>>> print(open('input_35.pdb').read())   # PDB, C-alpha atoms, pLDDT in the B column
MODEL        1
ATOM      1  CA  MET A   1     -23.161  26.590 -52.432  1.00 94.00           C
ATOM      2  CA  PHE A   2     -22.878  24.096 -55.276  1.00 97.00           C
ATOM      3  CA  VAL A   3     -21.675  25.375 -58.664  1.00 97.00           C
ATOM      4  CA  LEU A   4     -22.578  23.117 -61.601  1.00 97.00           C
ATOM      5  CA  VAL A   5     -21.239  24.106 -65.020  1.00 97.00           C
ATOM      6  CA  ASN A   6     -23.141  22.622 -67.963  1.00 97.00           C
ATOM      7  CA  LEU A   7     -20.904  22.578 -71.033  1.00 98.00           C
ATOM      8  CA  LYS A   8     -23.897  21.813 -73.294  1.00 97.00           C
ATOM      9  CA  ALA A   9     -22.544  21.276 -76.836  1.00 97.00           C
ATOM     10  CA  TYR A  10     -20.364  24.387 -76.829  1.00 97.00           C
ATOM     11  CA  PRO A  11     -17.050  24.212 -78.756  1.00 96.00           C
ATOM     12  CA  CYS A  12     -14.877  24.340 -75.656  1.00 95.00           C
ATOM     13  CA  ASP A  13     -12.134  22.008 -74.401  1.00 97.00           C
ATOM     14  CA  PRO A  14     -13.999  19.978 -71.752  1.00 98.00           C
ATOM     15  CA  VAL A  15     -10.816  18.632 -70.168  1.00 98.00           C
ATOM     16  CA  ALA A  16      -9.271  22.086 -69.854  1.00 97.00           C
ATOM     17  CA  VAL A  17     -12.434  23.444 -68.255  1.00 98.00           C
ATOM     18  CA  ALA A  18     -12.586  20.427 -65.950  1.00 98.00           C
ATOM     19  CA  GLU A  19      -8.967  20.861 -64.879  1.00 98.00           C
ATOM     20  CA  ALA A  20      -9.611  24.519 -64.117  1.00 97.00           C
ATOM     21  CA  ALA A  21     -12.737  23.634 -62.145  1.00 98.00           C
ATOM     22  CA  GLN A  22     -10.897  20.987 -60.139  1.00 98.00           C
ATOM     23  CA  ASP A  23      -8.089  23.422 -59.287  1.00 97.00           C
ATOM     24  CA  VAL A  24     -10.510  26.168 -58.261  1.00 97.00           C
ATOM     25  CA  SER A  25     -12.560  23.747 -56.168  1.00 97.00           C
ATOM     26  CA  GLU A  26      -9.473  22.436 -54.355  1.00 96.00           C
ATOM     27  CA  GLU A  27      -8.069  25.914 -53.758  1.00 96.00           C
ATOM     28  CA  THR A  28     -11.310  27.440 -52.439  1.00 96.00           C
ATOM     29  CA  GLY A  29     -13.168  24.515 -50.895  1.00 96.00           C
ATOM     30  CA  VAL A  30     -16.244  25.342 -52.999  1.00 96.00           C
ATOM     31  CA  ARG A  31     -18.054  22.397 -54.561  1.00 97.00           C
ATOM     32  CA  VAL A  32     -17.732  22.746 -58.346  1.00 98.00           C
ATOM     33  CA  ALA A  33     -18.881  20.175 -60.902  1.00 98.00           C
ATOM     34  CA  ILE A  34     -18.787  19.904 -64.695  1.00 98.00           C
ATOM     35  CA  ALA A  35     -21.468  18.390 -66.962  1.00 98.00           C
ATOM     36  CA  PRO A  36     -19.881  17.563 -70.340  1.00 98.00           C
ATOM     37  CA  GLN A  37     -21.227  15.773 -73.390  1.00 98.00           C
ATOM     38  CA  ALA A  38     -21.748  12.054 -72.744  1.00 97.00           C
ATOM     39  CA  ALA A  39     -18.804  11.166 -74.978  1.00 97.00           C
ATOM     40  CA  HIS A  40     -16.505  13.254 -72.770  1.00 98.00           C
ATOM     41  CA  LEU A  41     -17.638  11.945 -69.362  1.00 98.00           C
ATOM     42  CA  SER A  42     -14.652   9.640 -68.860  1.00 98.00           C
ATOM     43  CA  ALA A  43     -12.079  12.223 -69.905  1.00 98.00           C
ATOM     44  CA  VAL A  44     -13.594  14.840 -67.624  1.00 98.00           C
ATOM     45  CA  ALA A  45     -13.916  12.425 -64.707  1.00 98.00           C
ATOM     46  CA  ASP A  46     -10.249  11.497 -65.120  1.00 98.00           C
ATOM     47  CA  THR A  47      -9.303  15.061 -64.099  1.00 98.00           C
ATOM     48  CA  GLY A  48     -10.731  14.385 -60.638  1.00 98.00           C
ATOM     49  CA  VAL A  49     -13.432  17.037 -60.911  1.00 98.00           C
ATOM     50  CA  GLU A  50     -16.959  16.126 -59.824  1.00 98.00           C
ATOM     51  CA  THR A  51     -18.590  15.002 -63.066  1.00 98.00           C
ATOM     52  CA  TRP A  52     -22.273  15.072 -64.018  1.00 98.00           C
ATOM     53  CA  ALA A  53     -24.186  13.785 -67.020  1.00 98.00           C
ATOM     54  CA  GLN A  54     -26.321  16.277 -68.922  1.00 98.00           C
ATOM     55  CA  HIS A  55     -29.123  13.712 -69.192  1.00 98.00           C
ATOM     56  CA  VAL A  56     -29.982  10.081 -68.587  1.00 98.00           C
ATOM     57  CA  SER A  57     -32.801   8.326 -70.397  1.00 98.00           C
ATOM     58  CA  PRO A  58     -35.771   6.658 -68.665  1.00 98.00           C
ATOM     59  CA  VAL A  59     -34.665   3.184 -69.764  1.00 97.00           C
ATOM     60  CA  GLU A  60     -33.066   0.023 -68.418  1.00 96.00           C
ATOM     61  CA  HIS A  61     -30.598  -2.266 -70.190  1.00 96.00           C
ATOM     62  CA  GLY A  62     -32.111  -3.414 -73.470  1.00 97.00           C
ATOM     63  CA  SER A  63     -33.038  -2.329 -76.986  1.00 97.00           C
ATOM     64  CA  HIS A  64     -32.753   1.454 -76.615  1.00 96.00           C
ATOM     65  CA  THR A  65     -30.508   2.698 -79.410  1.00 97.00           C
ATOM     66  CA  GLY A  66     -29.504   6.339 -78.948  1.00 95.00           C
ATOM     67  CA  SER A  67     -30.421   6.426 -75.267  1.00 96.00           C
ATOM     68  CA  THR A  68     -28.112   7.517 -72.469  1.00 97.00           C
ATOM     69  CA  LEU A  69     -28.135   4.632 -70.018  1.00 98.00           C
ATOM     70  CA  ALA A  70     -27.719   5.773 -66.405  1.00 98.00           C
ATOM     71  CA  GLU A  71     -25.434   2.856 -65.605  1.00 98.00           C
ATOM     72  CA  ALA A  72     -23.193   3.756 -68.559  1.00 98.00           C
ATOM     73  CA  ALA A  73     -22.933   7.343 -67.341  1.00 98.00           C
ATOM     74  CA  ALA A  74     -21.983   6.095 -63.890  1.00 98.00           C
ATOM     75  CA  ASP A  75     -19.430   3.667 -65.334  1.00 98.00           C
ATOM     76  CA  ALA A  76     -17.882   6.593 -67.226  1.00 98.00           C
ATOM     77  CA  GLY A  77     -17.367   8.482 -63.969  1.00 98.00           C
ATOM     78  CA  ALA A  78     -20.518  10.537 -63.529  1.00 98.00           C
ATOM     79  CA  THR A  79     -21.770  10.978 -59.978  1.00 98.00           C
ATOM     80  CA  GLY A  80     -24.917  12.915 -60.865  1.00 98.00           C
ATOM     81  CA  THR A  81     -27.160  13.935 -63.733  1.00 98.00           C
ATOM     82  CA  LEU A  82     -29.335  16.760 -64.921  1.00 98.00           C
ATOM     83  CA  ILE A  83     -32.863  15.812 -65.936  1.00 98.00           C
ATOM     84  CA  ASN A  84     -35.406  17.790 -67.966  1.00 97.00           C
ATOM     85  CA  HIS A  85     -33.207  20.736 -68.924  1.00 95.00           C
ATOM     86  CA  SER A  86     -35.187  23.285 -70.934  1.00 90.00           C
ATOM     87  CA  GLU A  87     -33.186  22.266 -74.012  1.00 92.00           C
ATOM     88  CA  ASN A  88     -34.088  18.604 -73.501  1.00 95.00           C
ATOM     89  CA  ARG A  89     -37.607  18.582 -72.105  1.00 95.00           C
ATOM     90  CA  LEU A  90     -39.265  15.323 -71.043  1.00 96.00           C
ATOM     91  CA  LYS A  91     -42.827  14.279 -70.358  1.00 95.00           C
ATOM     92  CA  LEU A  92     -43.628  14.014 -66.661  1.00 94.00           C
ATOM     93  CA  ALA A  93     -43.635  10.212 -66.773  1.00 96.00           C
ATOM     94  CA  ASP A  94     -40.210  10.247 -68.425  1.00 97.00           C
ATOM     95  CA  VAL A  95     -38.847  12.644 -65.797  1.00 97.00           C
ATOM     96  CA  ASP A  96     -39.998  10.122 -63.204  1.00 98.00           C
ATOM     97  CA  GLY A  97     -38.413   7.298 -65.200  1.00 98.00           C
ATOM     98  CA  SER A  98     -35.114   9.136 -65.521  1.00 98.00           C
ATOM     99  CA  ILE A  99     -35.034   9.749 -61.759  1.00 98.00           C
ATOM    100  CA  ASP A 100     -35.630   6.024 -61.215  1.00 98.00           C
ATOM    101  CA  ALA A 101     -32.853   5.192 -63.685  1.00 98.00           C
ATOM    102  CA  ALA A 102     -30.455   7.564 -61.929  1.00 98.00           C
ATOM    103  CA  ASP A 103     -31.357   6.063 -58.549  1.00 98.00           C
ATOM    104  CA  ARG A 104     -30.523   2.587 -59.883  1.00 98.00           C
ATOM    105  CA  ALA A 105     -27.073   3.822 -60.847  1.00 98.00           C
ATOM    106  CA  ASP A 106     -26.557   5.801 -57.612  1.00 98.00           C
ATOM    107  CA  LEU A 107     -26.475   9.111 -59.486  1.00 98.00           C
ATOM    108  CA  GLU A 108     -27.456  12.327 -57.720  1.00 98.00           C
ATOM    109  CA  THR A 109     -30.276  14.119 -59.538  1.00 98.00           C
ATOM    110  CA  ILE A 110     -31.222  17.691 -60.383  1.00 98.00           C
ATOM    111  CA  VAL A 111     -34.537  18.148 -62.190  1.00 98.00           C
ATOM    112  CA  CYS A 112     -34.818  21.435 -64.069  1.00 96.00           C
ATOM    113  CA  ALA A 113     -38.080  23.351 -64.341  1.00 94.00           C
ATOM    114  CA  ASN A 114     -39.276  26.666 -65.748  1.00 91.00           C
ATOM    115  CA  ASN A 115     -41.213  28.151 -62.853  1.00 91.00           C
ATOM    116  CA  PRO A 116     -42.275  27.606 -59.232  1.00 93.00           C
ATOM    117  CA  ASP A 117     -45.362  25.547 -60.139  1.00 94.00           C
ATOM    118  CA  GLN A 118     -43.217  23.135 -62.150  1.00 94.00           C
ATOM    119  CA  ILE A 119     -40.661  23.105 -59.331  1.00 95.00           C
ATOM    120  CA  GLY A 120     -43.339  21.839 -56.957  1.00 96.00           C
ATOM    121  CA  ALA A 121     -44.335  19.100 -59.397  1.00 95.00           C
ATOM    122  CA  ALA A 122     -40.705  18.114 -59.928  1.00 96.00           C
ATOM    123  CA  ALA A 123     -39.995  18.016 -56.184  1.00 97.00           C
ATOM    124  CA  ALA A 124     -42.907  15.600 -55.747  1.00 97.00           C
ATOM    125  CA  LEU A 125     -41.048  13.050 -57.895  1.00 97.00           C
ATOM    126  CA  GLY A 126     -38.288  12.729 -55.309  1.00 97.00           C
ATOM    127  CA  PRO A 127     -35.097  14.089 -56.906  1.00 98.00           C
ATOM    128  CA  ASP A 128     -32.175  15.218 -54.775  1.00 98.00           C
ATOM    129  CA  SER A 129     -32.505  18.773 -56.084  1.00 98.00           C
ATOM    130  CA  VAL A 130     -34.472  20.935 -58.473  1.00 97.00           C
ATOM    131  CA  ALA A 131     -33.277  23.919 -60.506  1.00 96.00           C
ATOM    132  CA  VAL A 132     -35.492  26.822 -61.519  1.00 93.00           C
ATOM    133  CA  GLU A 133     -34.517  28.187 -64.934  1.00 86.00           C
ATOM    134  CA  PRO A 134     -36.818  30.538 -66.882  1.00 77.00           C
ATOM    135  CA  PRO A 135     -35.960  29.616 -70.505  1.00 69.00           C
ATOM    136  CA  GLU A 136     -36.105  33.206 -71.726  1.00 68.00           C
ATOM    137  CA  LEU A 137     -33.122  34.121 -69.521  1.00 61.00           C
ATOM    138  CA  ILE A 138     -30.855  31.187 -70.393  1.00 63.00           C
ATOM    139  CA  GLY A 139     -27.674  32.417 -72.043  1.00 62.00           C
ATOM    140  CA  THR A 140     -28.613  36.094 -71.719  1.00 61.00           C
ATOM    141  CA  GLY A 141     -26.216  37.055 -68.943  1.00 64.00           C
ATOM    142  CA  THR A 142     -29.181  38.442 -67.016  1.00 66.00           C
ATOM    143  CA  PRO A 143     -29.659  36.270 -63.923  1.00 66.00           C
ATOM    144  CA  VAL A 144     -33.135  35.327 -62.756  1.00 67.00           C
ATOM    145  CA  SER A 145     -32.068  36.380 -59.258  1.00 66.00           C
ATOM    146  CA  LYS A 146     -31.995  39.964 -60.539  1.00 70.00           C
ATOM    147  CA  ALA A 147     -34.543  39.884 -63.375  1.00 68.00           C
ATOM    148  CA  ASP A 148     -37.272  38.344 -61.223  1.00 75.00           C
ATOM    149  CA  PRO A 149     -36.103  37.340 -57.731  1.00 82.00           C
ATOM    150  CA  ASP A 150     -39.626  36.264 -56.744  1.00 86.00           C
ATOM    151  CA  ILE A 151     -39.255  33.282 -59.072  1.00 88.00           C
ATOM    152  CA  VAL A 152     -36.390  32.012 -56.933  1.00 90.00           C
ATOM    153  CA  THR A 153     -38.028  32.609 -53.562  1.00 91.00           C
ATOM    154  CA  ASP A 154     -41.322  31.154 -54.813  1.00 92.00           C
ATOM    155  CA  ALA A 155     -39.475  28.099 -56.151  1.00 93.00           C
ATOM    156  CA  VAL A 156     -37.788  27.564 -52.778  1.00 94.00           C
ATOM    157  CA  GLU A 157     -41.177  27.772 -51.063  1.00 96.00           C
ATOM    158  CA  ALA A 158     -42.815  25.473 -53.632  1.00 96.00           C
ATOM    159  CA  ALA A 159     -40.180  22.777 -53.160  1.00 96.00           C
ATOM    160  CA  ALA A 160     -40.283  23.065 -49.362  1.00 97.00           C
ATOM    161  CA  ALA A 161     -44.061  22.723 -49.375  1.00 97.00           C
ATOM    162  CA  VAL A 162     -43.694  19.344 -51.075  1.00 96.00           C
ATOM    163  CA  ASP A 163     -40.441  17.992 -49.600  1.00 96.00           C
ATOM    164  CA  GLU A 164     -38.110  20.030 -47.422  1.00 94.00           C
ATOM    165  CA  SER A 165     -35.220  17.669 -48.204  1.00 96.00           C
ATOM    166  CA  VAL A 166     -35.156  18.716 -51.886  1.00 97.00           C
ATOM    167  CA  ASP A 167     -32.559  21.435 -52.505  1.00 97.00           C
ATOM    168  CA  VAL A 168     -33.243  24.277 -54.935  1.00 96.00           C
ATOM    169  CA  LEU A 169     -30.682  25.591 -57.410  1.00 96.00           C
ATOM    170  CA  CYS A 170     -30.952  28.774 -59.417  1.00 91.00           C
ATOM    171  CA  GLY A 171     -30.130  28.812 -63.122  1.00 85.00           C
ATOM    172  CA  ALA A 172     -30.422  31.037 -66.203  1.00 75.00           C
ATOM    173  CA  GLY A 173     -28.086  33.963 -66.740  1.00 76.00           C
ATOM    174  CA  ILE A 174     -25.694  33.227 -63.876  1.00 82.00           C
ATOM    175  CA  SER A 175     -22.221  34.536 -64.756  1.00 82.00           C
ATOM    176  CA  THR A 176     -20.621  36.381 -61.811  1.00 87.00           C
ATOM    177  CA  GLY A 177     -19.883  35.949 -58.137  1.00 88.00           C
ATOM    178  CA  ASP A 178     -22.490  38.589 -57.366  1.00 88.00           C
ATOM    179  CA  ASP A 179     -25.077  36.441 -59.160  1.00 87.00           C
ATOM    180  CA  VAL A 180     -24.132  33.470 -56.984  1.00 90.00           C
ATOM    181  CA  VAL A 181     -24.437  35.513 -53.793  1.00 90.00           C
ATOM    182  CA  SER A 182     -27.823  36.868 -54.909  1.00 88.00           C
ATOM    183  CA  ALA A 183     -29.060  33.318 -55.532  1.00 90.00           C
ATOM    184  CA  GLN A 184     -27.831  32.260 -52.085  1.00 91.00           C
ATOM    185  CA  ASP A 185     -29.536  35.229 -50.435  1.00 91.00           C
ATOM    186  CA  LEU A 186     -32.822  34.193 -52.074  1.00 90.00           C
ATOM    187  CA  GLY A 187     -32.602  30.689 -50.583  1.00 93.00           C
ATOM    188  CA  ALA A 188     -30.910  28.696 -53.353  1.00 94.00           C
ATOM    189  CA  THR A 189     -28.309  26.144 -52.300  1.00 95.00           C
ATOM    190  CA  GLY A 190     -26.501  26.192 -55.623  1.00 95.00           C
ATOM    191  CA  VAL A 191     -26.333  27.566 -59.136  1.00 95.00           C
ATOM    192  CA  LEU A 192     -26.509  26.009 -62.588  1.00 93.00           C
ATOM    193  CA  LEU A 193     -24.751  27.853 -65.389  1.00 93.00           C
ATOM    194  CA  ALA A 194     -23.223  27.257 -68.797  1.00 93.00           C
ATOM    195  CA  SER A 195     -22.055  29.994 -71.164  1.00 90.00           C
ATOM    196  CA  GLY A 196     -20.548  32.145 -68.397  1.00 91.00           C
ATOM    197  CA  VAL A 197     -17.777  29.544 -68.106  1.00 95.00           C
ATOM    198  CA  ALA A 198     -17.993  27.352 -71.222  1.00 95.00           C
ATOM    199  CA  LYS A 199     -17.812  30.353 -73.584  1.00 94.00           C
ATOM    200  CA  ALA A 200     -15.393  32.419 -71.499  1.00 93.00           C
ATOM    201  CA  ASP A 201     -12.003  33.341 -72.976  1.00 94.00           C
ATOM    202  CA  ASP A 202     -10.477  32.268 -69.652  1.00 96.00           C
ATOM    203  CA  PRO A 203     -12.688  29.622 -67.961  1.00 95.00           C
ATOM    204  CA  ARG A 204     -10.457  29.487 -64.880  1.00 96.00           C
ATOM    205  CA  ALA A 205     -10.769  33.241 -64.321  1.00 96.00           C
ATOM    206  CA  ALA A 206     -14.532  32.996 -64.790  1.00 94.00           C
ATOM    207  CA  LEU A 207     -14.719  30.202 -62.222  1.00 96.00           C
ATOM    208  CA  GLU A 208     -12.533  32.111 -59.778  1.00 95.00           C
ATOM    209  CA  ASP A 209     -14.838  35.108 -60.058  1.00 93.00           C
ATOM    210  CA  LEU A 210     -17.880  32.906 -59.480  1.00 91.00           C
ATOM    211  CA  VAL A 211     -16.641  31.308 -56.299  1.00 93.00           C
ATOM    212  CA  GLU A 212     -14.566  34.165 -54.842  1.00 92.00           C
ATOM    213  CA  PRO A 213     -17.424  35.449 -52.631  1.00 90.00           C
ATOM    214  CA  LEU A 214     -17.954  31.909 -51.296  1.00 86.00           C
ATOM    215  CA  ALA A 215     -14.353  31.040 -50.478  1.00 78.00           C
TER
ENDMDL
END
>>> encode(input="input_35.pdb", output="structure tokens")
Amino acid sequence: MFVLVNLKAYPCDPVAVAEAAQDVSEETGVRVAIAPQAAHLSAVADTGVETWAQHVSPVEHGSHTGSTLAEAAADAGATGTLINHSENRLKLADVDGSIDAADRADLETIVCANNPDQIGAAAALGPDSVAVEPPELIGTGTPVSKADPDIVTDAVEAAAAVDESVDVLCGAGISTGDDVVSAQDLGATGVLLASGVAKADDPRAALEDLVEPLA
């Protein structure tokens, strides 16, 4: 299972969280990655933890003020990127463009989507993975794997029907090791979470609890 922690724009110490994630990953053998703000990519990558961008723009080098260039994210140490998170939605053509941009920079991709139908459409664009995240559950502490497990199993089936090589992650409300196991049991190959770690009083303890059933 892959555990990707999105720090969003929460007021946490990204380096401290990254150091904790790197230690937990090394100690348990579980793949753990951190997605910080773009300005913190280099600092987080310097900890040795697997580092992901929260977004890359569907642009090439040129006149694109305010964009997040995929090559710049890669130069800063990112090895992958989220695309189309529910808090940063893109048009379908721009999702496709961002995947192309990430491919140019050799970044692994996870395209987020709200439901199984969108998962199928996202999988057709050729990302490495997709993540199903019902927006109404994000940040609630109620995981989709418990609130509506059919969404996860249907998303796995929808992606497989389009391209069996596309992995499916489960997001929204993930906060405990039990949530991770439930997602795995439903066919997900990883989880995407944020506040359960980024807003925790003790991020290392939160990470240890998340991966303990997997170690």
>>> residues_near_point(input="input_35.pdb", point="(-17.2, 10.6, -60.5)", cutoff="8 Å", atoms="all atoms listed in the file", output="list in words")
Ala45, Gly48, Val49, Glu50, Thr51, Trp52, Ala74, Ala76, Gly77, Ala78 and Thr79 of chain A
>>> closest_residue(input="input_35.pdb", among="A:Pro203, A:Ser86, A:Thr109, A:Asp178", to="A:Glu19", atoms="only C-alpha atoms")
A:Pro203
>>> closest_residue(input="input_35.pdb", among="A:Glu157, A:Lys8, A:Arg31, A:Gln22", to="A:Arg204", atoms="all atoms listed in the file")
A:Gln22
>>> resolve_selection(input="input_35.pdb", expression="the PyMOL selection byres ((chain A and resi 119-131) around 10)", output="PDB file with C-alpha atoms, keeping the file's coordinate frame")
ATOM      1  CA  GLY A  80     -24.917  12.915 -60.865  1.00 98.00           C
ATOM      2  CA  LEU A  82     -29.335  16.760 -64.921  1.00 98.00           C
ATOM      3  CA  ILE A  83     -32.863  15.812 -65.936  1.00 98.00           C
ATOM      4  CA  ASN A  84     -35.406  17.790 -67.966  1.00 97.00           C
ATOM      5  CA  HIS A  85     -33.207  20.736 -68.924  1.00 95.00           C
ATOM      6  CA  LEU A  92     -43.628  14.014 -66.661  1.00 94.00           C
ATOM      7  CA  ALA A  93     -43.635  10.212 -66.773  1.00 96.00           C
ATOM      8  CA  VAL A  95     -38.847  12.644 -65.797  1.00 97.00           C
ATOM      9  CA  ASP A  96     -39.998  10.122 -63.204  1.00 98.00           C
ATOM     10  CA  GLY A  97     -38.413   7.298 -65.200  1.00 98.00           C
ATOM     11  CA  SER A  98     -35.114   9.136 -65.521  1.00 98.00           C
ATOM     12  CA  ILE A  99     -35.034   9.749 -61.759  1.00 98.00           C
ATOM     13  CA  ASP A 100     -35.630   6.024 -61.215  1.00 98.00           C
ATOM     14  CA  ALA A 102     -30.455   7.564 -61.929  1.00 98.00           C
ATOM     15  CA  ASP A 103     -31.357   6.063 -58.549  1.00 98.00           C
ATOM     16  CA  LEU A 107     -26.475   9.111 -59.486  1.00 98.00           C
ATOM     17  CA  GLU A 108     -27.456  12.327 -57.720  1.00 98.00           C
ATOM     18  CA  THR A 109     -30.276  14.119 -59.538  1.00 98.00           C
ATOM     19  CA  ILE A 110     -31.222  17.691 -60.383  1.00 98.00           C
ATOM     20  CA  VAL A 111     -34.537  18.148 -62.190  1.00 98.00           C
ATOM     21  CA  CYS A 112     -34.818  21.435 -64.069  1.00 96.00           C
ATOM     22  CA  ALA A 113     -38.080  23.351 -64.341  1.00 94.00           C
ATOM     23  CA  ASN A 114     -39.276  26.666 -65.748  1.00 91.00           C
ATOM     24  CA  ASN A 115     -41.213  28.151 -62.853  1.00 91.00           C
ATOM     25  CA  PRO A 116     -42.275  27.606 -59.232  1.00 93.00           C
ATOM     26  CA  ASP A 117     -45.362  25.547 -60.139  1.00 94.00           C
ATOM     27  CA  GLN A 118     -43.217  23.135 -62.150  1.00 94.00           C
ATOM     28  CA  VAL A 132     -35.492  26.822 -61.519  1.00 93.00           C
ATOM     29  CA  GLU A 133     -34.517  28.187 -64.934  1.00 86.00           C
ATOM     30  CA  PRO A 134     -36.818  30.538 -66.882  1.00 77.00           C
ATOM     31  CA  VAL A 152     -36.390  32.012 -56.933  1.00 90.00           C
ATOM     32  CA  ASP A 154     -41.322  31.154 -54.813  1.00 92.00           C
ATOM     33  CA  ALA A 155     -39.475  28.099 -56.151  1.00 93.00           C
ATOM     34  CA  VAL A 156     -37.788  27.564 -52.778  1.00 94.00           C
ATOM     35  CA  GLU A 157     -41.177  27.772 -51.063  1.00 96.00           C
ATOM     36  CA  ALA A 158     -42.815  25.473 -53.632  1.00 96.00           C
ATOM     37  CA  ALA A 159     -40.180  22.777 -53.160  1.00 96.00           C
ATOM     38  CA  ALA A 160     -40.283  23.065 -49.362  1.00 97.00           C
ATOM     39  CA  ALA A 161     -44.061  22.723 -49.375  1.00 97.00           C
ATOM     40  CA  VAL A 162     -43.694  19.344 -51.075  1.00 96.00           C
ATOM     41  CA  ASP A 163     -40.441  17.992 -49.600  1.00 96.00           C
ATOM     42  CA  GLU A 164     -38.110  20.030 -47.422  1.00 94.00           C
ATOM     43  CA  SER A 165     -35.220  17.669 -48.204  1.00 96.00           C
ATOM     44  CA  VAL A 166     -35.156  18.716 -51.886  1.00 97.00           C
ATOM     45  CA  ASP A 167     -32.559  21.435 -52.505  1.00 97.00           C
ATOM     46  CA  VAL A 168     -33.243  24.277 -54.935  1.00 96.00           C
ATOM     47  CA  LEU A 169     -30.682  25.591 -57.410  1.00 96.00           C
ATOM     48  CA  CYS A 170     -30.952  28.774 -59.417  1.00 91.00           C
ATOM     49  CA  GLY A 171     -30.130  28.812 -63.122  1.00 85.00           C
ATOM     50  CA  ALA A 172     -30.422  31.037 -66.203  1.00 75.00           C
ATOM     51  CA  ALA A 188     -30.910  28.696 -53.353  1.00 94.00           C
ATOM     52  CA  THR A 189     -28.309  26.144 -52.300  1.00 95.00           C
ATOM     53  CA  GLY A 190     -26.501  26.192 -55.623  1.00 95.00           C
ATOM     54  CA  VAL A 191     -26.333  27.566 -59.136  1.00 95.00           C
ATOM     55  CA  LEU A 192     -26.509  26.009 -62.588  1.00 93.00           C
TER      56      LEU A 192
END
>>> axis_aligned_box(input="input_35.pdb", around="stretch 147-158 of chain A", padding_each_side="5 Å", output="lines of an AutoDock Vina configuration file")
center_x = -38.7
center_y = 32.7
center_z = -57.2
size_x = 18.3
size_y = 24.4
size_z = 22.3
>>> residues_around(input="input_35.pdb", residues="stretch 23-26 of chain A", least_positions_apart="6", cutoff="12 Å", atoms="only C-alpha atoms", output="list in words")
Met1, Phe2, Val3, Leu4, Ala16, Val17, Val32, Ala33, Ile34, Thr47, Gly48, Val49, Glu50, Pro203, Arg204, Ala205, Ala206, Leu207, Glu208, Asp209, Leu210, Val211, Glu212, Leu214 and Ala215 of chain A
>>> write_last_selection(input="input_35.pdb", atoms="C-alpha atoms", output="PDB file, in the frame of the given file")
ATOM      1  CA  MET A   1     -23.161  26.590 -52.432  1.00 94.00           C
ATOM      2  CA  PHE A   2     -22.878  24.096 -55.276  1.00 97.00           C
ATOM      3  CA  VAL A   3     -21.675  25.375 -58.664  1.00 97.00           C
ATOM      4  CA  LEU A   4     -22.578  23.117 -61.601  1.00 97.00           C
ATOM      5  CA  ALA A  16      -9.271  22.086 -69.854  1.00 97.00           C
ATOM      6  CA  VAL A  17     -12.434  23.444 -68.255  1.00 98.00           C
ATOM      7  CA  VAL A  32     -17.732  22.746 -58.346  1.00 98.00           C
ATOM      8  CA  ALA A  33     -18.881  20.175 -60.902  1.00 98.00           C
ATOM      9  CA  ILE A  34     -18.787  19.904 -64.695  1.00 98.00           C
ATOM     10  CA  THR A  47      -9.303  15.061 -64.099  1.00 98.00           C
ATOM     11  CA  GLY A  48     -10.731  14.385 -60.638  1.00 98.00           C
ATOM     12  CA  VAL A  49     -13.432  17.037 -60.911  1.00 98.00           C
ATOM     13  CA  GLU A  50     -16.959  16.126 -59.824  1.00 98.00           C
ATOM     14  CA  PRO A 203     -12.688  29.622 -67.961  1.00 95.00           C
ATOM     15  CA  ARG A 204     -10.457  29.487 -64.880  1.00 96.00           C
ATOM     16  CA  ALA A 205     -10.769  33.241 -64.321  1.00 96.00           C
ATOM     17  CA  ALA A 206     -14.532  32.996 -64.790  1.00 94.00           C
ATOM     18  CA  LEU A 207     -14.719  30.202 -62.222  1.00 96.00           C
ATOM     19  CA  GLU A 208     -12.533  32.111 -59.778  1.00 95.00           C
ATOM     20  CA  ASP A 209     -14.838  35.108 -60.058  1.00 93.00           C
ATOM     21  CA  LEU A 210     -17.880  32.906 -59.480  1.00 91.00           C
ATOM     22  CA  VAL A 211     -16.641  31.308 -56.299  1.00 93.00           C
ATOM     23  CA  GLU A 212     -14.566  34.165 -54.842  1.00 92.00           C
ATOM     24  CA  LEU A 214     -17.954  31.909 -51.296  1.00 86.00           C
ATOM     25  CA  ALA A 215     -14.353  31.040 -50.478  1.00 78.00           C
TER      26      ALA A 215
END
>>> atom_distance(input="input_35.pdb", atom1="atom CA of A:Gly196", atom2="atom CA of A:Val5")
8.7 Å
>>> atom_distance(input="input_35.pdb", atom1="atom CA of A:Lys146", atom2="atom CA of A:Gly187")
13.6 Å
>>> closest_residue(input="input_35.pdb", among="A:Ile151, A:Ala101, A:Ala73, A:Leu7", to="A:Ala194", atoms="all atoms listed in the file")
A:Leu7
>>> atom_distance(input="input_35.pdb", atom1="atom CA of A:Ser57", atom2="atom CA of A:Pro14")
22.2 Å
